[in-house]
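Chemist: Here you go, one structure.
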2 protein chains.
Amino acid sequence: MSDPSEEGLLLAPKFDADGLVTCVVTDAKSGELLMVAHMNAEALRRTVESGEAWYFSRSRKALWKKGENSGHTQRVIEMRVDCDQDAVWLKVEQHGPGACHTGRRSCFYRVVPLKQTGAIALQFRDAEKTFDPNAVYDKK
Amino acid sequence: MSDPSEEGLLLAPKFDADGLVTCVVTDAKSGELLMVAHMNAEALRRTVESGEAWYFSRSRKALWKKGENSGHTQRVIEMRVDCDQDAVWLKVEQHGPGACHTGRRSCFYRVVPLKQTGAIALQFRDAEKTFDPNAVYDKK
């Protein structure tokens with residue numbers, strides 16, 4: 001009764017209603033979580049074929065090569081898929097000083113304190129800027 | 001011109017059209033990626049308040065406490081939110097032998113080989129079963 005998508009060896013991504021899978025990106029060396037992004041079929045294909053990370057921007061509705069503006073590309077060291085094939089994991093070599101468009105190494109620079117109720121005040125953690133996004137990205 | 005959701009300290013999750021944020025779950029000690037899940041506002045609130053992981057199942061359309069059937073609960077050691085607040089990261093203490101419903105420690109037990117075109121054959125990696133899902137989950 002095992003599900004072939006779970007126990008089989010054919011890559012058969014389960015895209016959501018918008019045609020996307022979730023992508024978790026970690027630093028291949030340190031293991032640090034850098035970012036979460038999305039891939040459509042074309043981004044997935046290009047990533048597998050090239051070994052460089054491509055994503056699909058939900059806000060811009062556009063295919064996007066990581067680093068195409070900033071130069072902060074990601075070389076994929078290992079790629080995995082999860083049990084139900086609706087998420088992939090990229091272990092990458094992050095080129096340049098960071099993965100986050102806010103100018104930080106990781107997008108996850110704020111802690112949510114636990115055992116709280118009501119409005120939650122976040123706490124900065126590992127939040128130092130490693131580059132100036134205004135200098136790196138084209139400004140419209 | 002900085003975005004308050006990015007540089008501010010108020011938790012203001014950006015739920016998607018289905019009312020969900022993405023949740024990345026890693027082992028607090030080893031750093032290993034265990035699973036990717038989703039949270040609605042109620043799952044997020046319960047997780048923050050209790051320090052135990054709650055999710056929202058997209059397939060079952062139901063709130064779900066991790067481990068409610070298997071006993072394999074997750075105690076949250078640290079919780080973070082990403083730059084645009086549409087993803088959270090839980091560093092957890094995984095109770096029991098695994099996080100994946102297929103009987104493995106992690107859901108990411110298959111590698112996608114790179115520099116390939118056409119149909120992709122996955123490769124098992126870290127795929128040994130740490131428990132028997134048939135013995136752990138209620139069978140209908």
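Residues in the structure tokens are named by chain (A, B, ... in the order shown) and by number from 1 within that chain; ligands are numbered from 1 in the order shown.
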For chain A, which residues have at least one atom within 7 Å of chain B, if we go by only C-alpha atoms? Write them as a ChimeraX atom specification, please.

Modeler: /A:9-11,31,48-51,79-83,107-112,114-117,120-123

Chemist: I need the residues of chain A that end up classed as strand (DSSP E) by DSSP on the backbone, written out as a VMD selection string.

Modeler: chain A and resid 21 to 27 33 to 39 54 to 57 62 to 65 74 to 81 87 to 94 110 to 111 123 to 124

Chemist: Please dump the current selection as a CSV table (one decimal), in the first residue's frame; keep N, CA and C atoms.

Modeler:
```csv
chain,number,residue,atom,x,y,z
A,21,VAL,N,6.2,24.3,-6.1
A,21,VAL,CA,6.7,23.6,-4.9
A,21,VAL,C,7.5,24.5,-4.0
A,22,THR,N,7.5,24.2,-2.7
A,22,THR,CA,8.3,25.0,-1.7
A,22,THR,C,9.7,24.5,-1.8
A,23,CYS,N,10.6,25.5,-1.6
A,23,CYS,CA,12.0,25.2,-1.7
A,23,CYS,C,12.8,25.8,-0.4
A,24,VAL,N,13.4,24.9,0.3
A,24,VAL,CA,14.1,25.2,1.5
A,24,VAL,C,15.6,25.3,1.1
A,25,VAL,N,16.3,26.4,1.5
A,25,VAL,CA,17.7,26.6,1.0
A,25,VAL,C,18.6,26.7,2.2
A,26,THR,N,19.5,25.8,2.4
A,26,THR,CA,20.5,25.9,3.5
A,26,THR,C,21.9,26.0,2.9
A,27,ASP,N,22.8,26.5,3.8
A,27,ASP,CA,24.2,26.6,3.4
A,27,ASP,C,24.8,25.2,3.5
A,33,LEU,N,20.0,27.8,7.8
A,33,LEU,CA,18.8,28.0,6.9
A,33,LEU,C,19.0,29.4,6.3
A,34,LEU,N,19.1,29.5,5.0
A,34,LEU,CA,19.3,30.8,4.4
A,34,LEU,C,18.0,31.5,3.9
A,35,MET,N,17.1,30.7,3.3
A,35,MET,CA,15.8,31.3,2.8
A,35,MET,C,14.8,30.2,2.4
A,36,VAL,N,13.6,30.6,2.2
A,36,VAL,CA,12.6,29.7,1.7
A,36,VAL,C,12.1,30.4,0.4
A,37,ALA,N,11.9,29.6,-0.7
A,37,ALA,CA,11.5,30.2,-1.9
A,37,ALA,C,10.5,29.2,-2.6
A,38,HIS,N,10.1,29.5,-3.8
A,38,HIS,CA,9.3,28.6,-4.6
A,38,HIS,C,9.8,28.3,-5.9
A,39,MET,N,9.5,27.2,-6.5
A,39,MET,CA,9.9,26.8,-7.8
A,39,MET,C,8.6,26.3,-8.6
A,54,TRP,N,17.4,28.4,-9.4
A,54,TRP,CA,16.4,29.2,-10.1
A,54,TRP,C,15.1,29.1,-9.3
A,55,TYR,N,14.4,30.2,-9.2
A,55,TYR,CA,13.1,30.2,-8.4
A,55,TYR,C,12.0,30.8,-9.2
A,56,PHE,N,10.8,30.8,-8.7
A,56,PHE,CA,9.7,31.5,-9.3
A,56,PHE,C,9.2,32.5,-8.2
A,57,SER,N,9.2,33.8,-8.5
A,57,SER,CA,8.7,34.8,-7.6
A,57,SER,C,7.2,34.8,-7.6
A,62,ALA,N,7.3,35.7,-11.8
A,62,ALA,CA,8.3,35.6,-12.8
A,62,ALA,C,9.4,34.6,-12.4
A,63,LEU,N,9.9,33.9,-13.4
A,63,LEU,CA,11.1,33.0,-13.2
A,63,LEU,C,12.2,33.9,-12.9
A,64,TRP,N,13.1,33.4,-12.0
A,64,TRP,CA,14.1,34.3,-11.4
A,64,TRP,C,15.4,33.5,-11.1
A,65,LYS,N,16.5,33.8,-11.7
A,65,LYS,CA,17.8,33.2,-11.3
A,65,LYS,C,18.3,33.9,-10.1
A,74,GLN,N,23.7,31.0,-6.3
A,74,GLN,CA,23.8,29.9,-5.4
A,74,GLN,C,24.1,28.6,-6.2
A,75,ARG,N,25.2,28.0,-5.9
A,75,ARG,CA,25.6,26.7,-6.6
A,75,ARG,C,25.0,25.6,-5.8
A,76,VAL,N,24.3,24.7,-6.4
A,76,VAL,CA,23.6,23.7,-5.6
A,76,VAL,C,24.6,22.5,-5.4
A,77,ILE,N,24.9,22.2,-4.2
A,77,ILE,CA,25.8,21.1,-3.8
A,77,ILE,C,25.0,19.8,-3.8
A,78,GLU,N,23.8,19.9,-3.2
A,78,GLU,CA,22.9,18.7,-3.1
A,78,GLU,C,21.5,19.1,-3.2
A,79,MET,N,20.6,18.4,-3.8
A,79,MET,CA,19.2,18.7,-3.9
A,79,MET,C,18.4,17.4,-3.4
A,80,ARG,N,17.4,17.6,-2.6
A,80,ARG,CA,16.6,16.5,-2.1
A,80,ARG,C,15.1,16.9,-2.3
A,81,VAL,N,14.3,15.9,-2.3
A,81,VAL,CA,12.9,16.1,-2.4
A,81,VAL,C,12.2,15.4,-1.1
A,87,ALA,N,7.9,19.6,-1.7
A,87,ALA,CA,9.0,20.5,-1.2
A,87,ALA,C,10.3,19.9,-1.6
A,88,VAL,N,11.2,20.8,-2.0
A,88,VAL,CA,12.6,20.4,-2.2
A,88,VAL,C,13.6,21.1,-1.3
A,89,TRP,N,14.7,20.6,-1.1
A,89,TRP,CA,15.7,21.1,-0.2
A,89,TRP,C,17.0,21.3,-1.1
A,90,LEU,N,17.5,22.5,-1.1
A,90,LEU,CA,18.8,22.8,-1.8
A,90,LEU,C,19.8,23.1,-0.7
A,91,LYS,N,20.9,22.3,-0.8
A,91,LYS,CA,22.1,22.7,0.0
A,91,LYS,C,23.0,23.4,-0.9
A,92,VAL,N,23.3,24.7,-0.7
A,92,VAL,CA,24.0,25.5,-1.6
A,92,VAL,C,25.3,26.1,-1.1
A,93,GLU,N,26.1,26.4,-2.1
A,93,GLU,CA,27.3,27.3,-1.8
A,93,GLU,C,26.8,28.7,-2.2
A,94,GLN,N,26.6,29.5,-1.2
A,94,GLN,CA,26.1,30.9,-1.4
A,94,GLN,C,27.3,31.8,-1.8
A,110,ARG,N,15.0,37.2,12.8
A,110,ARG,CA,14.2,37.6,13.9
A,110,ARG,C,13.6,36.4,14.6
A,111,VAL,N,13.7,36.4,16.0
A,111,VAL,CA,13.2,35.3,16.8
A,111,VAL,C,11.8,35.6,17.2
A,123,GLN,N,12.4,39.5,18.2
A,123,GLN,CA,13.8,39.9,18.7
A,123,GLN,C,14.8,39.7,17.6
A,124,PHE,N,15.6,40.7,17.3
A,124,PHE,CA,16.6,40.5,16.3
A,124,PHE,C,17.6,39.5,16.7
```

Chemist: For a test of reading the model, state the distance in Å between atom CA of Leu20 of chain A and atom CA of Arg58 of chain A, rounded to one decimal.

Modeler: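 Taking atom CA of Leu20 of chain A and atom CA of Arg58 of chain A, their separation equals 9.1 Å.
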
Chemist: Go through B:Glu68, B:Thr73, B:Gly103, B:Ser59 and flag the residue nearest Asn134 of chain B, using only C-alpha atoms for the distances.

Modeler: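 Under the stated criterion, the closest residue is B:Gly103.
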
Chemist: As a ChimeraX atom specification, please: every residue in chain B that a backbone DSSP assignment puts in helix (DSSP H, G or I).

Modeler: /B:4-7,41-50,133-136
